[in-house]
>>> print(open('data_6.txt').read())   # compact mmCIF, C-alpha atoms
# COMPACT_ATOMS: atom_id res chain seq x y z
CA MET A 25 34.40 -18.04 -1.41
CA ASN A 26 33.03 -19.53 1.80
CA GLU A 27 32.89 -16.06 3.24
CA GLU A 28 30.74 -14.93 0.30
CA LYS A 29 28.50 -17.98 0.70
CA ASP A 30 28.06 -17.12 4.34
CA LEU A 31 27.21 -13.51 3.42
CA ILE A 32 24.67 -14.69 0.85
CA GLU A 33 23.04 -17.05 3.35
CA ARG A 34 22.82 -14.29 5.93
CA ALA A 35 21.46 -11.79 3.40
CA LYS A 36 18.89 -14.37 2.30
CA LYS A 37 17.68 -14.52 5.90
CA GLY A 38 17.11 -10.76 5.74
CA GLU A 39 20.24 -9.55 7.49
CA HIS A 40 20.84 -6.00 6.26
CA THR A 41 24.51 -5.88 7.24
CA ALA A 42 25.28 -8.95 5.16
CA PHE A 43 23.46 -7.47 2.18
CA ASN A 44 25.37 -4.18 2.57
CA LEU A 45 28.68 -6.06 2.59
CA LEU A 46 27.70 -7.89 -0.58
CA ALA A 47 26.60 -4.61 -2.17
CA LYS A 48 29.90 -2.98 -1.22
CA LYS A 49 31.78 -5.87 -2.78
CA TYR A 50 29.97 -5.73 -6.12
CA ILE A 51 28.93 -2.10 -6.42
CA GLU A 52 32.03 -1.06 -8.34
CA ARG A 53 31.76 -3.91 -10.85
CA ILE A 54 28.09 -3.17 -11.42
CA TYR A 55 28.67 0.56 -11.84
CA TRP A 56 31.59 0.20 -14.28
CA HIS A 57 29.87 -2.46 -16.32
CA ALA A 58 26.81 -0.23 -16.65
CA ARG A 59 28.99 2.79 -17.31
CA ARG A 60 30.86 1.10 -20.17
CA MET A 61 27.64 -0.19 -21.64
CA LEU A 62 25.73 3.08 -21.34
CA GLY A 63 28.51 5.70 -21.44
CA ASP A 64 26.63 7.93 -19.04
CA HIS A 65 27.04 8.48 -15.32
CA SER A 66 23.44 9.19 -14.29
CA ASP A 67 22.12 6.14 -16.17
CA SER A 68 24.82 3.95 -14.67
CA ASP A 69 24.01 5.30 -11.21
CA GLU A 70 20.35 4.46 -11.74
CA ILE A 71 21.12 0.98 -13.09
CA THR A 72 23.48 0.24 -10.18
CA GLN A 73 20.73 1.06 -7.71
CA GLU A 74 18.18 -1.01 -9.63
CA VAL A 75 20.50 -4.01 -9.81
CA LEU A 76 21.20 -3.85 -6.08
CA ILE A 77 17.49 -3.65 -5.33
CA VAL A 78 16.87 -6.66 -7.59
CA LEU A 79 19.72 -8.42 -5.80
CA TYR A 80 18.06 -7.69 -2.45
CA ASN A 81 14.63 -8.83 -3.58
CA LYS A 82 15.68 -11.89 -5.58
CA LEU A 83 18.62 -13.15 -3.61
CA TYR A 84 16.41 -15.80 -2.02
CA THR A 85 16.12 -17.44 -5.47
CA PHE A 86 19.89 -17.74 -5.82
CA ASN A 87 20.74 -21.42 -5.41
CA PHE A 88 24.55 -21.39 -5.86
CA GLU A 89 24.35 -23.18 -9.23
CA SER A 90 26.44 -20.39 -10.77
CA ASN A 91 28.73 -17.72 -9.37
CA LEU A 92 27.07 -14.73 -7.78
CA TYR A 93 28.99 -12.32 -10.01
CA THR A 94 27.76 -14.15 -13.17
CA TRP A 95 24.25 -13.77 -11.82
CA ILE A 96 24.83 -10.07 -11.06
CA TYR A 97 26.33 -9.46 -14.52
CA LYS A 98 23.31 -11.15 -16.07
CA ILE A 99 20.95 -8.77 -14.24
CA THR A 100 23.13 -5.74 -15.05
CA THR A 101 23.47 -6.64 -18.74
CA THR A 102 19.73 -7.19 -19.11
CA ARG A 103 18.96 -3.87 -17.41
CA CYS A 104 21.49 -2.03 -19.56
CA LEU A 105 20.14 -3.54 -22.77
CA ASN A 106 16.59 -2.64 -21.75
CA LEU A 107 17.62 0.95 -21.05
CA LEU A 108 19.51 1.21 -24.34
CA ARG A 109 16.47 -0.12 -26.21
CA LYS A 110 14.25 2.37 -24.39
CA LYS A 111 16.64 5.21 -25.18
CA SER A 112 16.88 4.31 -28.84
CA ILE A 113 13.07 4.45 -29.05
CA GLN A 114 13.06 7.81 -27.23
CA ARG A 115 15.76 9.10 -29.57
CA PHE A 116 13.74 8.01 -32.57
CA PHE A 117 10.73 10.02 -31.46
CA SER A 118 12.63 12.99 -30.04
CA PHE A 119 14.00 16.15 -31.67
CA ASP A 120 16.66 16.58 -28.96
CA ASN A 121 20.34 16.05 -29.60
CA PHE A 122 21.70 12.95 -27.87
CA GLU A 123 25.27 13.29 -29.09
CA ASP A 124 26.80 14.55 -25.82
CA ILE A 125 27.07 11.23 -24.07
CA GLY A 126 29.40 10.75 -21.13
CA ASP A 127 29.83 14.37 -20.11
CA CYS A 128 28.64 14.71 -16.56
CA GLY A 129 30.49 17.88 -15.54
CA ASN A 130 31.06 18.64 -11.88
CA PHE A 131 29.20 15.66 -10.54
CA GLU A 132 31.74 13.32 -12.08
CA ASP A 133 34.56 15.31 -10.49
CA ASN A 134 33.31 14.10 -7.12
CA LEU A 135 32.98 10.57 -8.41
CA ILE A 136 36.57 10.05 -9.58
CA GLU A 137 39.20 12.12 -7.85
CA ASP A 138 42.05 11.52 -10.29
CA MET A 139 41.97 14.05 -13.16
CA GLU A 140 43.93 11.80 -15.52
CA ASN A 141 41.51 8.94 -14.96
CA ARG A 142 38.57 11.26 -15.62
CA GLU A 143 39.94 12.07 -19.06
CA LYS A 144 40.64 8.41 -19.69
CA ILE A 145 37.07 7.47 -18.82
CA LYS A 146 35.72 10.03 -21.26
CA GLN A 147 37.92 8.63 -23.97
CA ILE A 148 36.86 5.04 -23.23
CA ASP A 149 33.20 6.04 -23.08
CA LYS A 150 33.44 7.69 -26.48
CA ALA A 151 35.26 4.76 -28.05
CA LEU A 152 32.85 2.18 -26.64
CA GLN A 153 29.72 4.08 -27.62
CA THR A 154 30.69 3.76 -31.28
CA LEU A 155 30.42 -0.04 -31.07
CA PRO A 156 27.21 -1.92 -31.84
CA VAL A 157 25.50 -3.04 -28.62
CA LYS A 158 26.26 -6.76 -28.98
CA GLN A 159 29.94 -6.15 -29.70
CA ARG A 160 30.13 -3.66 -26.85
CA GLN A 161 28.55 -6.14 -24.47
CA VAL A 162 31.06 -8.88 -25.29
CA PHE A 163 33.97 -6.46 -25.30
CA VAL A 164 33.11 -5.03 -21.90
CA LEU A 165 32.51 -8.42 -20.31
CA ARG A 166 35.70 -9.87 -21.75
CA HIS A 167 38.11 -6.95 -21.72
CA TYR A 168 37.05 -5.06 -18.59
CA ASP A 169 35.24 -7.59 -16.46
CA GLY A 170 37.67 -10.36 -17.37
CA LEU A 171 35.08 -13.06 -17.84
CA SER A 172 35.71 -16.22 -19.84
CA TYR A 173 33.81 -16.87 -23.08
CA GLU A 174 31.89 -19.64 -21.32
CA GLU A 175 30.76 -17.24 -18.61
CA ILE A 176 29.81 -14.61 -21.20
CA ALA A 177 27.88 -17.29 -23.09
CA GLU A 178 25.98 -18.08 -19.88
CA ILE A 179 25.18 -14.41 -19.36
CA THR A 180 24.26 -13.45 -22.92
CA GLY A 181 22.90 -16.77 -24.16
CA ASN A 182 25.12 -16.65 -27.27
CA LYS A 183 27.49 -19.31 -28.62
CA VAL A 184 31.20 -19.07 -27.81
CA GLY A 185 32.13 -18.83 -31.53
CA THR A 186 29.82 -15.83 -32.03
CA LEU A 187 31.23 -14.19 -28.93
CA LYS A 188 34.82 -14.62 -30.12
CA ALA A 189 33.98 -13.07 -33.48
CA ASN A 190 32.17 -10.18 -31.84
CA TYR A 191 35.06 -9.58 -29.47
CA PHE A 192 37.63 -9.52 -32.25
CA HIS A 193 35.60 -7.05 -34.31
CA ALA A 194 35.01 -4.86 -31.28
CA LEU A 195 38.66 -4.90 -30.24
CA ASN A 196 39.81 -3.96 -33.74
CA LYS A 197 37.34 -1.09 -33.94
CA VAL A 198 38.20 0.28 -30.52
CA ILE A 199 41.94 0.13 -31.17
CA GLU A 200 41.43 2.02 -34.43
CA ARG A 201 39.42 4.72 -32.63
CA VAL A 202 41.93 5.33 -29.83
CA LYS A 203 45.09 5.21 -31.99
CA MET B 15 51.96 -8.41 -41.33
CA LYS B 16 48.61 -7.51 -39.81
CA ILE B 17 48.01 -8.62 -36.25
CA ASN B 18 45.51 -11.44 -36.32
CA GLU B 19 42.68 -12.28 -33.93
CA GLU B 20 44.69 -14.62 -31.76
CA ILE B 21 47.61 -12.21 -31.30
CA LEU B 22 45.28 -9.31 -30.69
CA GLN B 23 43.48 -11.21 -27.95
CA LYS B 24 46.80 -12.23 -26.44
CA LEU B 25 47.97 -8.61 -26.46
CA SER B 26 44.72 -7.37 -24.95
CA LEU B 27 45.13 -9.69 -21.98
CA ILE B 28 48.89 -9.38 -21.59
CA ASP B 29 50.55 -8.12 -18.38
CA ASN B 30 53.36 -5.58 -18.40
CA SER B 31 55.78 -8.21 -17.10
CA ASP B 32 55.09 -10.55 -20.00
CA PHE B 33 55.17 -7.85 -22.65
CA GLU B 34 58.94 -7.91 -23.45
CA LYS B 35 58.87 -11.68 -23.87
CA GLU B 36 55.76 -11.60 -26.07
CA LEU B 37 57.21 -8.74 -28.14
CA GLU B 38 60.29 -10.82 -29.05
CA THR B 39 58.14 -13.82 -29.95
CA LEU B 40 55.90 -11.72 -32.18
CA ILE B 41 58.83 -10.04 -33.94
CA LYS B 42 60.28 -13.52 -34.62
CA LEU B 43 56.93 -14.54 -36.09
CA GLY B 44 57.21 -11.64 -38.55
CA TYR B 45 55.01 -8.97 -37.02
CA SER B 46 56.10 -5.36 -37.38
CA LYS B 47 57.42 -3.82 -34.19
CA ASP B 48 55.62 -0.54 -34.91
CA GLU B 49 52.33 -2.30 -35.43
CA ILE B 50 52.70 -4.18 -32.14
CA PHE B 51 53.61 -1.01 -30.24
CA ARG B 52 50.69 0.93 -31.74
CA THR B 53 48.27 -1.85 -30.78
CA VAL B 54 49.64 -2.19 -27.28
CA ASN B 55 49.57 1.59 -26.85
CA SER B 56 45.93 1.71 -27.88
CA LEU B 57 45.14 -1.11 -25.52
CA ARG B 58 46.81 0.77 -22.68
CA LYS B 59 44.66 3.77 -23.43
CA LEU B 60 41.67 1.49 -22.97
CA ASP B 61 42.97 0.07 -19.74
CA ALA B 62 40.82 1.08 -16.80
CA THR B 63 42.27 -1.00 -14.01
CA GLY B 64 43.46 1.99 -11.99
CA ILE B 65 40.14 3.79 -12.04
CA LYS B 66 38.26 3.42 -8.79
CA LEU B 67 35.05 4.92 -7.53
CA ASN B 68 35.12 7.38 -4.67
CA ASP B 69 34.33 5.66 -1.34
CA ASP B 70 31.84 8.38 -0.37
CA TYR B 71 29.98 7.84 -3.61
CA LYS B 72 29.84 4.08 -3.04
CA SER B 73 28.51 4.59 0.48
CA SER B 74 25.91 7.09 -0.71
CA LEU B 75 24.75 4.59 -3.34
CA ILE B 76 24.35 1.86 -0.71
CA VAL B 77 22.41 4.27 1.54
CA LYS B 78 20.11 5.16 -1.38
CA VAL B 79 19.52 1.46 -2.10
CA ASN B 80 18.76 0.77 1.57
CA ASN B 81 16.29 3.65 1.66
CA LYS B 82 14.54 2.41 -1.45
CA VAL B 83 14.42 -1.14 -0.09
CA ASN B 84 12.95 0.09 3.21
CA LYS B 85 10.41 2.22 1.37
CA THR B 86 9.39 -0.77 -0.75
CA ASN B 87 9.14 -2.98 2.34
CA ASN B 88 6.93 -0.40 4.05
CA LEU B 89 4.73 -0.23 0.98
CA ILE B 90 4.44 -4.02 0.89
CA ARG B 91 3.54 -4.00 4.60
CA LEU B 92 0.93 -1.29 4.01
CA ASN B 93 -0.50 -3.25 1.11
CA LYS B 94 -0.78 -6.34 3.28
CA ILE B 95 -2.55 -4.33 6.00
CA SER B 96 -4.95 -2.81 3.48
CA TYR B 97 -5.70 -6.29 2.06
CA VAL B 98 -6.49 -7.55 5.55
CA LEU B 99 -8.71 -4.51 6.15
CA TYR B 100 -10.56 -5.03 2.88
CA ILE B 101 -11.14 -8.69 3.68
CA SER B 102 -12.31 -7.86 7.22
CA LEU B 103 -14.70 -5.24 5.88
CA PHE B 104 -16.04 -7.69 3.33
CA VAL B 105 -16.57 -10.34 6.01
CA LEU B 106 -18.31 -7.82 8.30
CA PHE B 107 -20.51 -6.64 5.46
CA SER B 108 -21.40 -10.24 4.58
CA ILE B 109 -22.27 -10.96 8.21
CA PHE B 110 -24.40 -7.81 8.37
CA ILE B 111 -26.30 -8.74 5.19
CA TYR B 112 -26.80 -12.33 6.36
CA SER B 113 -28.00 -11.29 9.80
CA SER B 114 -30.38 -8.71 8.27
CA ILE B 115 -31.97 -11.39 6.11
CA GLY B 116 -32.15 -13.74 9.10
CA PHE B 117 -33.77 -11.04 11.23
CA GLU B 118 -36.34 -10.36 8.50
CA ARG B 119 -37.20 -14.04 8.32
CA GLN B 120 -37.43 -14.32 12.08
CA THR B 121 -39.66 -11.22 12.31
CA ASN B 122 -41.90 -12.50 9.58
CA ASN B 123 -42.23 -15.84 11.29
CA GLN B 124 -43.21 -14.09 14.48
CA ILE B 125 -45.78 -11.90 12.75
CA ILE B 126 -47.51 -14.62 10.77
CA THR B 127 -48.78 -16.83 13.52
CA PHE B 128 -52.31 -17.82 12.72
CA ASN B 129 -54.45 -19.79 15.06
CA ASN B 130 -57.17 -22.15 13.94
CA ASN B 131 -59.84 -19.47 14.05
CA ASP B 132 -57.80 -17.20 11.81
CA LYS B 133 -57.38 -20.05 9.40
CA ALA B 134 -61.12 -20.63 9.39
CA ILE B 135 -61.70 -16.97 8.55
CA LEU B 136 -59.12 -16.99 5.85
CA ASN B 137 -60.59 -20.10 4.35
CA GLN B 138 -63.88 -18.34 3.98
CA LEU B 139 -62.35 -15.51 2.05
CA LYS B 140 -62.33 -16.02 -1.65
CA GLU B 141 -58.86 -16.90 -2.80
CA GLU B 142 -58.86 -14.44 -5.67
CA ASP B 143 -59.52 -11.55 -3.27
CA ILE B 144 -56.49 -12.20 -1.19
CA VAL B 145 -53.42 -10.37 -2.24
CA LYS B 146 -50.49 -12.29 -0.93
CA SER B 147 -49.05 -10.34 1.89
CA SER B 148 -46.63 -10.89 4.68
CA THR B 149 -48.51 -9.38 7.60
CA MET B 150 -51.91 -9.72 9.15
CA THR B 151 -52.39 -5.96 8.92
CA ASP B 152 -51.97 -6.14 5.19
CA LEU B 153 -54.58 -8.85 4.99
CA VAL B 154 -57.12 -6.86 6.93
CA GLU B 155 -56.46 -3.67 5.03
CA THR B 156 -56.70 -5.44 1.74
CA LYS B 157 -59.97 -6.91 2.79
CA ILE B 158 -61.38 -3.57 3.89
CA HIS B 159 -60.24 -1.41 1.03
CA LYS B 160 -60.55 -3.81 -1.81
CA SER B 161 -63.24 -2.44 -4.04
CA ASN B 162 -63.33 -5.15 -6.63
CA ILE B 163 -65.04 -7.70 -4.41
CA THR B 164 -68.11 -8.82 -6.25
CA TYR B 165 -70.96 -10.78 -4.84
CA LYS B 166 -73.90 -12.40 -6.47
CA PRO B 167 -77.15 -10.53 -5.68
CA GLU B 168 -78.63 -13.46 -3.81
CA GLU B 169 -75.48 -13.72 -1.64
CA ARG B 170 -75.59 -10.10 -0.62
CA ILE B 171 -77.15 -9.61 2.79
CA LYS B 172 -79.88 -7.02 3.09
CA ASP B 173 -79.63 -4.03 5.40
CA ASP B 174 -82.38 -5.10 7.75
CA GLU B 175 -80.89 -8.57 8.04
CA LEU B 176 -77.55 -6.98 8.76
CA VAL B 177 -79.07 -4.85 11.49
CA ALA B 178 -80.73 -7.91 12.94
CA ILE B 179 -77.43 -9.82 13.01
CA ALA B 180 -75.73 -6.83 14.58
CA GLU B 181 -78.47 -6.52 17.19
CA GLU B 182 -78.26 -10.19 17.91
CA ASN B 183 -74.50 -9.98 18.43
CA LYS B 184 -74.43 -6.64 20.17
CA PHE B 185 -72.86 -8.13 23.27
CA ALA B 186 -69.86 -9.11 21.22
CA LEU B 187 -69.12 -5.62 19.97
CA SER B 188 -66.27 -3.93 21.72
CA ASP B 189 -66.42 -0.72 23.68
CA ASN B 190 -64.63 0.90 20.82
CA TYR B 191 -67.58 0.30 18.55
CA ILE B 192 -67.92 3.32 16.30
CA PRO B 193 -71.36 3.58 14.76
CA GLY B 194 -71.17 4.10 11.04
CA VAL B 195 -67.54 3.04 10.60
CA ASP B 196 -67.90 -0.44 12.00
CA ASP B 197 -71.23 -0.80 10.27
CA VAL B 198 -69.57 -0.09 6.98
CA LEU B 199 -67.01 -2.66 7.87
CA LEU B 200 -69.71 -5.15 8.59
CA TYR B 201 -71.54 -4.21 5.44
CA GLU B 202 -68.41 -4.63 3.35
CA CYS B 203 -67.89 -8.01 4.88
CA ALA B 204 -71.46 -8.84 4.14
CA ASP B 205 -71.44 -12.56 4.35
CA GLU B 206 -73.62 -14.12 6.99
CA GLU B 207 -71.41 -17.02 7.87
CA MET B 208 -68.37 -14.87 7.96
CA LEU B 209 -70.02 -12.23 10.09
CA LYS B 210 -71.09 -14.84 12.56
CA SER B 211 -67.60 -16.19 12.84
CA ILE B 212 -66.22 -12.68 13.25
CA PHE B 213 -68.61 -11.98 16.11
CA LYS B 214 -67.86 -15.31 17.56
CA ASN B 215 -64.18 -14.42 17.69
CA LEU B 216 -64.58 -10.95 19.05
>>> encode(input="data_6.txt", output="structure tokens")
Amino acid sequence: MNEEKDLIERAKKGEHTAFNLLAKKYIERIYWHARRMLGDHSDSDEITQEVLIVLYNKLYTFNFESNLYTWIYKITTTRCLNLLRKKSIQRFFSFDNFEDIGDCGNFEDNLIEDMENREKIKQIDKALQTLPVKQRQVFVLRHYDGLSYEEIAEITGNKVGTLKANYFHALNKVIERVK
Amino acid sequence: MKINEEILQKLSLIDNSDFEKELETLIKLGYSKDEIFRTVNSLRKLDATGIKLNDDYKSSLIVKVNNKVNKTNNLIRLNKISYVLYISLFVLFSIFIYSSIGFERQTNNQIITFNNNDKAILNQLKEEDIVKSSTMTDLVETKIHKSNITYKPEERIKDDELVAIAEENKFALSDNYIPGVDDVLLYECADEEMLKSIFKNL
């Protein structure tokens, strides 16, 4: 924890190496959170870069009142929700078919080496994309990112009771889909 | 018996090591073994703990971010420089405008320097004939070319009197005296007092 604090302090002072170490530490969490929310590699890639840039530019405002990862999840969640909103508007006005989500072909082969895991990711992506956004958000934060309801409440601004209900509904639906 | 919210959450967060123990507890509570296995199996399908990103991909992402950050920083620096340039240009322009106005004022002050004799001449000119002007040249030209100067008949000096005045003041005429032209000038300025003062000043 102290090591992370030291890294943050150094990155705040503009030290690139410290920022790169922080980015390396959180890049996987950011990518997978975005991936589960969006179900698409290129969007997740874009969001990961955006979040890291925001982290670089706004790190000086971080005052250690919360955990850095809560702060990062907050930025990632907001960005993902904004992108989903934007996409739903685009989909409304577009004649294109948006059904093929999560199929990134050869590019994804380079991303994850294990074939079995690649198939698993596709399955998870498909199952998660059937959930409403709010349920998906809670499910991803709780099930995959392992955050407590209190932390999720801090990130999403919802009450713990609502989050628990959303999680239960989401879990039930996902289990039904993958059975 | 359908698995309720609490059990489902417990199962979703359960480790492999705890599973056997939890399974026994749940069976004792009356839950169907098949139902528990199906749920746990589904949850395992959703498990993504073993999935990691390729290291090369992670590094390439960090490089992309660094490039974007550097590009943004350069743009910010360029913006700052352009702001400074704009402000400098504005200041220079303001100084130029201010100095131009100052120079104009100074030049005008230098041009309009009347002595007492000039003032006496100007006082004799009718105020309505003087078009306000900034230079002495303008004053003289206005006086010469102004055609709407009217005089009362008794004020107008006769030709022979004019000649007499001119003869009387011949010594005062310059070497550049041009017959005809200067006479016209004198005639146009046909006011005895004024003529005398002009000759006096020549």
>>> atom_distance(input="data_6.txt", atom1="atom CA of Ile109 of chain B", atom2="atom CA of Tyr97 of chain B")
18.3 Å
>>> interface_residues(input="data_6.txt", of="chain A", to="chain B", cutoff="9 Å", atoms="all atoms listed in the file", output="ChimeraX atom specification")
/A:40,44,47-48,51-52,55-56,69,72-74,76-77,80-81,134-138,141-142,144-145,147-148,151,167-168,170,189,191-193,195-196,198-203
>>> atom_distance(input="data_6.txt", atom1="atom CA of Ser118 of chain A", atom2="atom CA of Ile71 of chain A")
22.4 Å
>>> residues_near_point(input="data_6.txt", point="(33.7, -19.2, -30.5)", cutoff="12 Å", atoms="only C-alpha atoms", output="list of chain:residue names")
A:Val162, A:Ser172, A:Tyr173, A:Glu174, A:Ile176, A:Ala177, A:Asn182, A:Lys183, A:Val184, A:Gly185, A:Thr186, A:Leu187, A:Lys188, A:Ala189, A:Asn190, A:Tyr191, A:Phe192, B:Glu19, B:Glu20
>>> residues_near_point(input="data_6.txt", point="(23.0, -17.2, -4.1)", cutoff="9 Å", atoms="all atoms listed in the file", output="count of residues only")
15
>>> residues_around(input="data_6.txt", residues="segment 100-111 of chain A", least_positions_apart="5", cutoff="7 Å", atoms="only C-alpha atoms", output="VMD selection string")
chain A and resid 54 58 61 to 62 71 75
>>> atom_distance(input="data_6.txt", atom1="atom CA of Glu28 of chain A", atom2="atom CA of Phe163 of chain A")
27.2 Å
>>> residues_around(input="data_6.txt", residues="Asp149 of chain A", least_positions_apart="3", cutoff="10 Å", atoms="all atoms listed in the file", output="number ranges by chain")
A: 59-64, 125-127, 143-146, 152-154; B: 60
>>> write_last_selection(input="data_6.txt", atoms="C-alpha atoms", output="mmCIF file, keeping the file's coordinate frame")
data_model
loop_
_atom_site.group_PDB
_atom_site.id
_atom_site.type_symbol
_atom_site.label_atom_id
_atom_site.label_comp_id
_atom_site.auth_asym_id
_atom_site.auth_seq_id
_atom_site.Cartn_x
_atom_site.Cartn_y
_atom_site.Cartn_z
ATOM 1 C CA ARG A 59 28.990 2.790 -17.310
ATOM 2 C CA ARG A 60 30.860 1.100 -20.170
ATOM 3 C CA MET A 61 27.640 -0.190 -21.640
ATOM 4 C CA LEU A 62 25.730 3.080 -21.340
ATOM 5 C CA GLY A 63 28.510 5.700 -21.440
ATOM 6 C CA ASP A 64 26.630 7.930 -19.040
ATOM 7 C CA ILE A 125 27.070 11.230 -24.070
ATOM 8 C CA GLY A 126 29.400 10.750 -21.130
ATOM 9 C CA ASP A 127 29.830 14.370 -20.110
ATOM 10 C CA GLU A 143 39.940 12.070 -19.060
ATOM 11 C CA LYS A 144 40.640 8.410 -19.690
ATOM 12 C CA ILE A 145 37.070 7.470 -18.820
ATOM 13 C CA LYS A 146 35.720 10.030 -21.260
ATOM 14 C CA LEU A 152 32.850 2.180 -26.640
ATOM 15 C CA GLN A 153 29.720 4.080 -27.620
ATOM 16 C CA THR A 154 30.690 3.760 -31.280
ATOM 17 C CA LEU B 60 41.670 1.490 -22.970
#
>>> closest_residue(input="data_6.txt", among="A:Gln114, A:Gly181, A:Ile99, A:Glu39", to="His57 of chain A", atoms="only C-alpha atoms")
A:Ile99
>>> build_atoms(input="data_6.txt", residues="segment 75-93 of chain A", atoms="N, CA and C atoms", output="short mmCIF file (atom, residue, chain, number, x, y, z; two decimals), keeping the file's coordinate frame")
data_model
loop_
_atom_site.label_atom_id
_atom_site.label_comp_id
_atom_site.auth_asym_id
_atom_site.auth_seq_id
_atom_site.Cartn_x
_atom_site.Cartn_y
_atom_site.Cartn_z
N VAL A 75 19.94 -2.66 -9.90
CA VAL A 75 20.50 -4.01 -9.81
C VAL A 75 20.64 -4.43 -8.35
N LEU A 76 21.06 -3.51 -7.50
CA LEU A 76 21.20 -3.85 -6.08
C LEU A 76 19.84 -4.13 -5.43
N ILE A 77 18.84 -3.40 -5.86
CA ILE A 77 17.49 -3.65 -5.33
C ILE A 77 16.99 -5.03 -5.79
N VAL A 78 17.24 -5.33 -7.08
CA VAL A 78 16.87 -6.66 -7.59
C VAL A 78 17.62 -7.73 -6.81
N LEU A 79 18.89 -7.47 -6.57
CA LEU A 79 19.72 -8.42 -5.80
C LEU A 79 19.11 -8.65 -4.42
N TYR A 80 18.67 -7.58 -3.79
CA TYR A 80 18.06 -7.69 -2.45
C TYR A 80 16.76 -8.51 -2.51
N ASN A 81 15.95 -8.18 -3.51
CA ASN A 81 14.63 -8.83 -3.58
C ASN A 81 14.67 -10.27 -4.09
N LYS A 82 15.66 -10.56 -4.95
CA LYS A 82 15.68 -11.89 -5.58
C LYS A 82 16.78 -12.80 -5.07
N LEU A 83 17.50 -12.34 -4.10
CA LEU A 83 18.62 -13.15 -3.61
C LEU A 83 18.16 -14.51 -3.07
N TYR A 84 16.92 -14.53 -2.57
CA TYR A 84 16.41 -15.80 -2.02
C TYR A 84 16.28 -16.88 -3.10
N THR A 85 16.22 -16.44 -4.39
CA THR A 85 16.12 -17.44 -5.47
C THR A 85 17.50 -17.95 -5.91
N PHE A 86 18.55 -17.32 -5.42
CA PHE A 86 19.89 -17.74 -5.82
C PHE A 86 20.23 -19.06 -5.15
N ASN A 87 20.55 -20.08 -5.99
CA ASN A 87 20.74 -21.42 -5.41
C ASN A 87 22.17 -21.95 -5.57
N PHE A 88 23.13 -21.05 -5.79
CA PHE A 88 24.55 -21.39 -5.86
C PHE A 88 24.90 -22.30 -7.04
N GLU A 89 24.03 -22.37 -8.04
CA GLU A 89 24.35 -23.18 -9.23
C GLU A 89 25.41 -22.48 -10.09
N SER A 90 25.40 -21.15 -10.05
CA SER A 90 26.44 -20.39 -10.77
C SER A 90 27.10 -19.44 -9.77
N ASN A 91 28.09 -18.71 -10.26
CA ASN A 91 28.73 -17.72 -9.37
C ASN A 91 27.81 -16.52 -9.19
N LEU A 92 27.94 -15.89 -8.04
CA LEU A 92 27.07 -14.73 -7.78
C LEU A 92 27.37 -13.60 -8.78
N TYR A 93 28.66 -13.42 -9.11
CA TYR A 93 28.99 -12.32 -10.01
C TYR A 93 28.42 -12.55 -11.42
#
